[in-house]
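Beneath this line is the structure, given in structure tokens, with notes to follow.
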2 protein chains.
Amino acid sequence: MSDEVNGVPCDKLFGAIAKVRDDAEMAQFRFSAHNEWVEGTASRSTIHEWYGMGGEHTHVERFSFAADHPTLGHGHGPTPQEFVLHALVACVTAGIATGAAARNITLHKVSSRVSADIDVRGVLGVDPDVRKGFSNVDVEFEIDADCDDEQKDALLAGGAKYSAVFDIMANPTEVNISRVPAS
Amino acid sequence: MSDEVNGVPCDKLFGAIAKVRDDAEMAQFRFSAHNEWVEGTASRSTIHEWYGMGGEHTHVERFSFAADHPTLGHGHGPTPQEFVLHALVACVTAGIATGAAARNITLHKVSSRVSADIDVRGVLGVDPDVRKGFSNVDVEFEIDADCDDEQKDALLAGGAKYSAVFDIMANPTEVNISRVPAS
């Protein structure tokens, strides 16, 4: 078994699992983003530093993404809600790829389509009984891999079960928002 | 009062509110994304079509974003979790901007910093009692606007209260994931 399977460095993956099993402090990660309002409904986030495996790190570059509103905005980007959908399928896909690598299963293709419904009477304050977020989210995955259907189903189930973003969406997360004086 | 305040087209905003109040069908939106695995832990989503206000639409361009893992990946993008943080602050910021526009308050600056903790023993399957998602999310906003602190606090509170992404994170969302045959 070579080190990389499906482009996943298995030695590194199993090494990370061993490290966080031995030392819970190594498992404490912190992600962050900095956002600046641009105009109207548009803003731009920068993502660079992260903490994990016992130290401070930076991504290979300073990633930057804008978001906007499709009708009230000026076309700077898709909506924040669509970024959540991107995050969800990207997270589950990474889990499928690492799960397949751990089992030495060669992947040829993983693609997915996610759709989510939202009744905007919630966010527009028209009806307090309508929730602001998605009423439901549906994802369909296609997996082409050197394994049978049962193993593909197991890869997908594992991808969802161990997905941080799936968990963030399916379960409540504590979000604290506060204001500090403008600098 | 001019049509645009802070770059938010107020006539359009109030028009949309009136439309969805009159006809709930106009309030039914659907967002979607298509994702393709790239290599290892990396994948790329495309975001283009959306449904709302009674019809099919497309964004001004076919937006495309990659996500990856910072240590196991190949540097294609930030993590899916960081995209969720971007979505959160972008969504609340848009709410602050529209809320200020609706009250005819001029904004000069809105910036935010979001940090989220995650114990990766959950996603790595090391400890089933550790949740996969964020243990907590902290956001600090700076608002510079032509209003007093009380109004700034009200703008921020409204931005959070009417944020779809805040709601998606703070409350459980139904996520259905299934597999279809590879095409």
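Just remember, in the structure tokens the first chain shown is A, the second B, etc., residues are 1-based per chain, and ligands are 1-based in the order shown.
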Please provide as a CSV table (one decimal) with all heavy atoms, in the first residue's frame all residues within 10 Å of Val60 (chain A), with the sequence filter that same-chain residues fewer than 5 positions apart are discarded (counting only C-alpha atoms).
chain,number,residue,atom,x,y,z
A,48,HIS,N,-7.1,32.7,6.7
A,48,HIS,CA,-5.7,32.5,6.6
A,48,HIS,C,-5.1,31.6,7.8
A,48,HIS,O,-4.6,30.6,7.6
A,48,HIS,CB,-4.9,33.8,6.5
A,48,HIS,CG,-3.5,33.7,6.0
A,48,HIS,ND1,-2.5,34.4,6.5
A,48,HIS,CD2,-3.0,32.8,5.1
A,48,HIS,CE1,-1.4,34.1,5.9
A,48,HIS,NE2,-1.6,33.1,5.0
A,49,GLU,N,-5.2,32.2,9.0
A,49,GLU,CA,-4.6,31.5,10.1
A,49,GLU,C,-5.5,30.4,10.7
A,49,GLU,O,-6.7,30.5,10.6
A,49,GLU,CB,-4.3,32.5,11.3
A,49,GLU,CG,-3.6,33.7,10.9
A,49,GLU,CD,-4.5,34.8,10.4
A,49,GLU,OE1,-5.7,34.7,10.5
A,49,GLU,OE2,-3.9,35.8,9.9
B,70,PRO,N,-6.1,21.3,5.6
B,70,PRO,CA,-4.9,22.0,5.7
B,70,PRO,C,-3.6,21.1,5.8
B,70,PRO,O,-2.5,21.5,5.4
B,70,PRO,CB,-5.0,22.9,6.9
B,70,PRO,CG,-6.1,22.3,7.7
B,70,PRO,CD,-7.0,21.6,6.7
B,74,HIS,N,-3.9,19.2,-0.4
B,74,HIS,CA,-2.9,19.7,-1.3
B,74,HIS,C,-3.1,21.2,-1.6
B,74,HIS,O,-2.7,21.8,-2.6
B,74,HIS,CB,-3.0,19.0,-2.7
B,74,HIS,CG,-2.7,17.5,-2.5
B,74,HIS,ND1,-3.6,16.6,-2.1
B,74,HIS,CD2,-1.5,16.8,-2.8
B,74,HIS,CE1,-3.0,15.4,-2.0
B,74,HIS,NE2,-1.8,15.5,-2.5
B,75,GLY,N,-3.7,21.9,-0.6
B,75,GLY,CA,-3.7,23.4,-0.7
B,75,GLY,C,-4.7,24.0,-1.7
B,75,GLY,O,-4.6,25.1,-2.1
B,76,HIS,N,-5.8,23.2,-2.0
B,76,HIS,CA,-6.7,23.7,-3.0
B,76,HIS,C,-7.6,24.8,-2.4
B,76,HIS,O,-8.2,25.6,-3.2
B,76,HIS,CB,-7.6,22.6,-3.5
B,76,HIS,CG,-6.9,21.6,-4.4
B,76,HIS,ND1,-6.7,21.9,-5.8
B,76,HIS,CD2,-6.3,20.5,-4.2
B,76,HIS,CE1,-6.1,20.9,-6.3
B,76,HIS,NE2,-5.8,20.0,-5.4
B,77,GLY,N,-7.8,24.8,-1.1
B,77,GLY,CA,-8.7,25.8,-0.5
B,77,GLY,C,-8.7,25.7,1.0
B,77,GLY,O,-8.0,24.8,1.5
B,78,PRO,N,-9.5,26.5,1.7
B,78,PRO,CA,-9.6,26.3,3.1
B,78,PRO,C,-10.5,25.1,3.4
B,78,PRO,O,-11.0,24.5,2.5
B,78,PRO,CB,-10.3,27.7,3.5
B,78,PRO,CG,-11.0,28.1,2.4
B,78,PRO,CD,-10.3,27.6,1.2
- [ ] With a distance cut-off of 12 Å and only C-alpha atoms, select the neighbouring residues of region 141-145 of chain B, excluding the residue or stretch itself and same-chain residues fewer than 6 positions from it, and output the selection as a VMD selection string.
- [x] (chain A and resid 34 to 37 176 to 183) or (chain B and resid 6 89 to 90 92 to 93 96 to 97 100 to 101 103 to 115 151 to 157 159 to 160)
Please produce a file of those selected residues containing C-alpha atoms, as a tab-separated table (two decimals), in the first residue's frame.
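The resulting selection_30.tsv:
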chain	number	residue	atom	x	y	z
A	34	HIS	CA	-12.29	37.96	9.09
A	35	ASN	CA	-15.10	39.69	7.21
A	36	GLU	CA	-15.46	43.22	5.83
A	37	TRP	CA	-18.68	44.71	4.50
A	176	ASN	CA	-22.13	33.92	20.49
A	177	ILE	CA	-22.26	37.26	18.72
A	178	SER	CA	-21.14	40.48	20.37
A	179	ARG	CA	-20.19	44.01	19.40
A	180	VAL	CA	-16.87	45.67	20.17
A	181	PRO	CA	-16.05	49.36	19.62
A	182	ALA	CA	-15.05	50.21	16.03
A	183	SER	CA	-11.28	50.58	15.74
B	6	ASN	CA	-25.68	51.79	1.97
B	89	VAL	CA	-20.54	36.46	9.19
B	90	ALA	CA	-21.51	37.34	5.61
B	92	VAL	CA	-25.25	38.62	9.61
B	93	THR	CA	-23.41	41.47	7.86
B	96	ILE	CA	-26.98	44.65	9.41
B	97	ALA	CA	-26.70	46.47	6.06
B	100	ALA	CA	-29.56	50.00	8.56
B	101	ALA	CA	-30.90	50.81	5.07
B	103	ARG	CA	-33.94	52.66	9.05
B	104	ASN	CA	-32.08	55.12	6.79
B	105	ILE	CA	-28.93	54.79	8.90
B	106	THR	CA	-25.69	55.36	6.97
B	107	LEU	CA	-23.06	52.68	7.57
B	108	HIS	CA	-19.35	53.48	7.29
B	109	LYS	CA	-17.86	50.14	8.26
B	110	VAL	CA	-18.95	46.70	9.34
B	111	SER	CA	-16.24	44.19	10.10
B	112	SER	CA	-16.21	40.98	12.04
B	113	ARG	CA	-13.93	38.27	13.30
B	114	VAL	CA	-15.28	34.77	13.87
B	115	SER	CA	-13.48	31.95	15.68
B	151	GLN	CA	-29.00	51.50	17.57
B	152	LYS	CA	-25.80	49.66	16.63
B	153	ASP	CA	-26.68	46.94	19.14
B	154	ALA	CA	-30.18	46.77	17.65
B	155	LEU	CA	-28.76	46.47	14.11
B	156	LEU	CA	-26.51	43.62	15.23
B	157	ALA	CA	-29.32	41.87	17.13
B	159	GLY	CA	-28.76	40.89	11.81
B	160	ALA	CA	-28.40	37.77	13.94
- [ ] Return the single residue from B:Cys10, B:Ala24, B:Ala16, B:Cys91 that is closest to Lys161 (chain B), with distances computed using only C-alpha atoms.
- [x] B:Cys91
TODO: Could you check which of A:Ala66, A:Leu124, A:Val130, A:Ala27 is closest to Ala102 (chain B), using only C-alpha atoms?
DONE: A:Leu124
TODO: For Gln28 (chain A), list every protein, DNA or RNA residue within 10 Å, evaluated using only C-alpha atoms, and leave out those in the same chain fewer than 4 positions away; present the list as a list in words.
DONE: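 Residues near the query, excluding close chain neighbours: Val20, Asp23, Ala24, Tyr51, Gly52, Met53, Gly54 and Gly55 of chain A; Asp117, Ile118, Asp119, Val120 and Arg121 of chain B.
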Restricting it to all heavy atoms, dump the selection as an mmCIF file, in the first residue's frame.
data_model
loop_
_atom_site.group_PDB
_atom_site.id
_atom_site.type_symbol
_atom_site.label_atom_id
_atom_site.label_comp_id
_atom_site.auth_asym_id
_atom_site.auth_seq_id
_atom_site.Cartn_x
_atom_site.Cartn_y
_atom_site.Cartn_z
ATOM 1 N N VAL A 20 -3.710 12.341 18.175
ATOM 2 C CA VAL A 20 -4.819 12.899 18.969
ATOM 3 C C VAL A 20 -5.377 11.870 19.943
ATOM 4 O O VAL A 20 -5.994 12.222 20.942
ATOM 5 C CB VAL A 20 -5.949 13.488 18.077
ATOM 6 C CG1 VAL A 20 -5.384 14.543 17.137
ATOM 7 C CG2 VAL A 20 -6.708 12.420 17.316
ATOM 8 N N ASP A 23 -2.881 12.293 22.837
ATOM 9 C CA ASP A 23 -2.822 13.601 23.476
ATOM 10 C C ASP A 23 -3.991 14.461 22.986
ATOM 11 O O ASP A 23 -3.956 15.018 21.894
ATOM 12 C CB ASP A 23 -1.481 14.273 23.120
ATOM 13 C CG ASP A 23 -1.310 15.634 23.778
ATOM 14 O OD1 ASP A 23 -2.228 16.074 24.508
ATOM 15 O OD2 ASP A 23 -0.259 16.263 23.553
ATOM 16 N N ALA A 24 -5.023 14.581 23.836
ATOM 17 C CA ALA A 24 -6.246 15.300 23.457
ATOM 18 C C ALA A 24 -5.956 16.757 23.097
ATOM 19 O O ALA A 24 -6.691 17.358 22.311
ATOM 20 C CB ALA A 24 -7.269 15.221 24.588
ATOM 21 N N TYR A 51 -5.413 27.183 13.994
ATOM 22 C CA TYR A 51 -4.674 26.565 15.089
ATOM 23 C C TYR A 51 -5.025 25.087 15.142
ATOM 24 O O TYR A 51 -6.192 24.717 14.982
ATOM 25 C CB TYR A 51 -5.053 27.249 16.420
ATOM 26 C CG TYR A 51 -4.409 26.610 17.625
ATOM 27 C CD1 TYR A 51 -3.154 27.011 18.060
ATOM 28 C CD2 TYR A 51 -5.053 25.570 18.303
ATOM 29 C CE1 TYR A 51 -2.548 26.411 19.149
ATOM 30 C CE2 TYR A 51 -4.449 24.958 19.399
ATOM 31 C CZ TYR A 51 -3.200 25.384 19.816
ATOM 32 O OH TYR A 51 -2.600 24.780 20.892
ATOM 33 N N GLY A 52 -4.033 24.240 15.348
ATOM 34 C CA GLY A 52 -4.312 22.812 15.479
ATOM 35 C C GLY A 52 -3.032 22.030 15.642
ATOM 36 O O GLY A 52 -1.939 22.537 15.380
ATOM 37 N N MET A 53 -3.141 20.773 16.072
ATOM 38 C CA MET A 53 -1.978 19.900 16.295
ATOM 39 C C MET A 53 -0.945 20.619 17.167
ATOM 40 O O MET A 53 0.263 20.497 16.958
ATOM 41 C CB MET A 53 -1.349 19.455 14.965
ATOM 42 C CG MET A 53 -2.292 18.720 14.011
ATOM 43 S SD MET A 53 -3.130 17.238 14.685
ATOM 44 C CE MET A 53 -1.786 16.041 14.670
ATOM 45 N N GLY A 54 -1.447 21.397 18.112
ATOM 46 C CA GLY A 54 -0.588 22.030 19.104
ATOM 47 C C GLY A 54 0.083 23.318 18.689
ATOM 48 O O GLY A 54 0.958 23.822 19.414
ATOM 49 N N GLY A 55 -0.270 23.880 17.533
ATOM 50 C CA GLY A 55 0.398 25.120 17.116
ATOM 51 C C GLY A 55 -0.393 25.975 16.147
ATOM 52 O O GLY A 55 -1.432 25.558 15.628
ATOM 53 N N ASP B 117 -14.155 26.671 17.745
ATOM 54 C CA ASP B 117 -13.343 25.567 18.270
ATOM 55 C C ASP B 117 -13.921 24.234 17.837
ATOM 56 O O ASP B 117 -15.139 24.049 17.785
ATOM 57 C CB ASP B 117 -13.321 25.641 19.807
ATOM 58 C CG ASP B 117 -12.576 26.862 20.298
ATOM 59 O OD1 ASP B 117 -11.508 27.160 19.730
ATOM 60 O OD2 ASP B 117 -13.077 27.534 21.223
ATOM 61 N N ILE B 118 -13.022 23.320 17.548
ATOM 62 C CA ILE B 118 -13.442 21.978 17.163
ATOM 63 C C ILE B 118 -12.417 20.987 17.725
ATOM 64 O O ILE B 118 -11.204 21.230 17.653
ATOM 65 C CB ILE B 118 -13.587 21.889 15.622
ATOM 66 C CG1 ILE B 118 -14.203 20.571 15.185
ATOM 67 C CG2 ILE B 118 -12.273 22.122 14.895
ATOM 68 C CD1 ILE B 118 -14.672 20.610 13.722
ATOM 69 N N ASP B 119 -12.914 19.934 18.323
ATOM 70 C CA ASP B 119 -12.057 18.862 18.851
ATOM 71 C C ASP B 119 -12.086 17.751 17.798
ATOM 72 O O ASP B 119 -13.102 17.069 17.636
ATOM 73 C CB ASP B 119 -12.645 18.381 20.185
ATOM 74 C CG ASP B 119 -11.805 17.290 20.836
ATOM 75 O OD1 ASP B 119 -11.109 16.540 20.104
ATOM 76 O OD2 ASP B 119 -11.860 17.173 22.078
ATOM 77 N N VAL B 120 -10.996 17.600 17.055
ATOM 78 C CA VAL B 120 -11.022 16.716 15.896
ATOM 79 C C VAL B 120 -10.997 15.225 16.260
ATOM 80 O O VAL B 120 -10.998 14.376 15.366
ATOM 81 C CB VAL B 120 -9.885 17.044 14.882
ATOM 82 C CG1 VAL B 120 -10.034 18.456 14.356
ATOM 83 C CG2 VAL B 120 -8.503 16.809 15.473
ATOM 84 N N ARG B 121 -11.025 14.911 17.560
ATOM 85 C CA ARG B 121 -11.188 13.502 17.915
ATOM 86 C C ARG B 121 -12.552 12.990 17.442
ATOM 87 O O ARG B 121 -12.733 11.799 17.220
ATOM 88 C CB ARG B 121 -11.041 13.311 19.429
ATOM 89 C CG ARG B 121 -9.593 13.467 19.894
ATOM 90 C CD ARG B 121 -9.477 13.297 21.397
ATOM 91 N NE ARG B 121 -10.257 14.319 22.103
ATOM 92 C CZ ARG B 121 -10.442 14.330 23.409
ATOM 93 N NH1 ARG B 121 -9.920 13.393 24.161
ATOM 94 N NH2 ARG B 121 -11.155 15.297 23.983
#
- [ ] Might you pull out every residue within 8 Å of Gly122 (chain A), with only C-alpha atoms counted and same-chain residues fewer than 4 positions away left off, and present them as a VMD selection string?
- [x] (chain A and resid 126 to 133) or (chain B and resid 162)
- [ ] From a DSSP pass on the backbone, collect the residues of region 7-71 of chain A flagged as strand (DSSP E) and hand them back as a ChimeraX atom specification.
- [x] /A:8-9,28-39,42-52,55-67
- [ ] Please measure the separation of CA of Ala33 (chain A) and CA of Ser45 (chain A), giving the value in Å to one decimal.
- [x]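 Going from CA of Ala33 (chain A) over to CA of Ser45 (chain A), I get 6.2 Å.
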Open item on the list: Excluding Asp3 (chain B) and its own-chain neighbours fewer than 5 positions away, which residues fall within 10 Å of it when counting only C-alpha atoms? Please give them as a list of chain:residue names.
Closed with: B:Val8, B:Pro9, B:Cys10, B:Asp11, B:Lys12, B:Leu13, B:Ala101
Could you take the residues named above and write them with N, CA and C atoms, as a PDB file, in the first residue's frame?
ATOM      1  N   VAL B   8     -28.027  49.357  -0.575  1.00  0.00           N
ATOM      2  CA  VAL B   8     -29.184  48.451  -0.535  1.00  0.00           C
ATOM      3  C   VAL B   8     -30.360  49.137  -1.239  1.00  0.00           C
ATOM      4  N   PRO B   9     -30.908  48.527  -2.278  1.00  0.00           N
ATOM      5  CA  PRO B   9     -32.048  49.119  -2.987  1.00  0.00           C
ATOM      6  C   PRO B   9     -33.335  48.978  -2.159  1.00  0.00           C
ATOM      7  N   CYS B  10     -33.675  50.044  -1.451  1.00  0.00           N
ATOM      8  CA  CYS B  10     -34.780  49.952  -0.485  1.00  0.00           C
ATOM      9  C   CYS B  10     -36.125  49.694  -1.152  1.00  0.00           C
ATOM     10  N   ASP B  11     -36.379  50.301  -2.325  1.00  0.00           N
ATOM     11  CA  ASP B  11     -37.648  50.056  -3.021  1.00  0.00           C
ATOM     12  C   ASP B  11     -37.801  48.567  -3.311  1.00  0.00           C
ATOM     13  N   LYS B  12     -36.710  47.961  -3.792  1.00  0.00           N
ATOM     14  CA  LYS B  12     -36.709  46.539  -4.121  1.00  0.00           C
ATOM     15  C   LYS B  12     -36.920  45.695  -2.858  1.00  0.00           C
ATOM     16  N   LEU B  13     -36.248  46.103  -1.769  1.00  0.00           N
ATOM     17  CA  LEU B  13     -36.366  45.367  -0.500  1.00  0.00           C
ATOM     18  C   LEU B  13     -37.805  45.401  -0.001  1.00  0.00           C
ATOM     19  N   ALA B 101     -30.267  50.145   6.231  1.00  0.00           N
ATOM     20  CA  ALA B 101     -30.895  50.813   5.074  1.00  0.00           C
ATOM     21  C   ALA B 101     -32.381  51.065   5.343  1.00  0.00           C
TER      22      ALA B 101
END
TODO: List every residue of chain A that DSSP, applied to the backbone, labels as helix (DSSP H, G or I), and write the result as a ChimeraX atom specification.
DONE: /A:10-22,24-27,80-102,149-161,164-170
TODO: Show which residues sit within 8 Å of Ile168 (chain A), as a ChimeraX atom specification. Count only C-alpha atoms, and ignore same-chain residues fewer than 4 positions away.
DONE: /A:164,172-173 /B:132-134,169
Excluding Gly7 (chain B) and its own-chain neighbours fewer than 6 positions away, which residues fall within 8 Å of it when counting only C-alpha atoms? Please give them as a PDB file with N, CA, C and O atoms, in the first residue's frame.
ATOM      1  N   GLU A  39     -20.458  46.557   0.154  1.00  0.00           N
ATOM      2  CA  GLU A  39     -21.543  47.507  -0.172  1.00  0.00           C
ATOM      3  C   GLU A  39     -22.832  46.717  -0.179  1.00  0.00           C
ATOM      4  O   GLU A  39     -22.843  45.530  -0.488  1.00  0.00           O
ATOM      5  N   GLY A  40     -23.925  47.393   0.135  1.00  0.00           N
ATOM      6  CA  GLY A  40     -25.220  46.719   0.106  1.00  0.00           C
ATOM      7  C   GLY A  40     -25.202  45.433   0.903  1.00  0.00           C
ATOM      8  O   GLY A  40     -24.784  45.413   2.057  1.00  0.00           O
ATOM      9  N   THR A  41     -25.617  44.337   0.272  1.00  0.00           N
ATOM     10  CA  THR A  41     -25.671  43.050   0.957  1.00  0.00           C
ATOM     11  C   THR A  41     -24.374  42.258   0.797  1.00  0.00           C
ATOM     12  O   THR A  41     -24.329  41.085   1.157  1.00  0.00           O
TER      13      THR A  41
END
Task: For chain B, the nearest of the candidates A:His69, A:Arg62, A:Ala94, A:Glu4, counting only C-alpha atoms - done: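 Residue with the minimum atom-to-atom distance to chain B: A:Ala94.
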TODO: Point out the residue among B:Thr58, B:Glu140, B:Val38, B:Cys147 with the least atom-to-atom distance to chain A, counting only C-alpha atoms.
DONE: B:Glu140
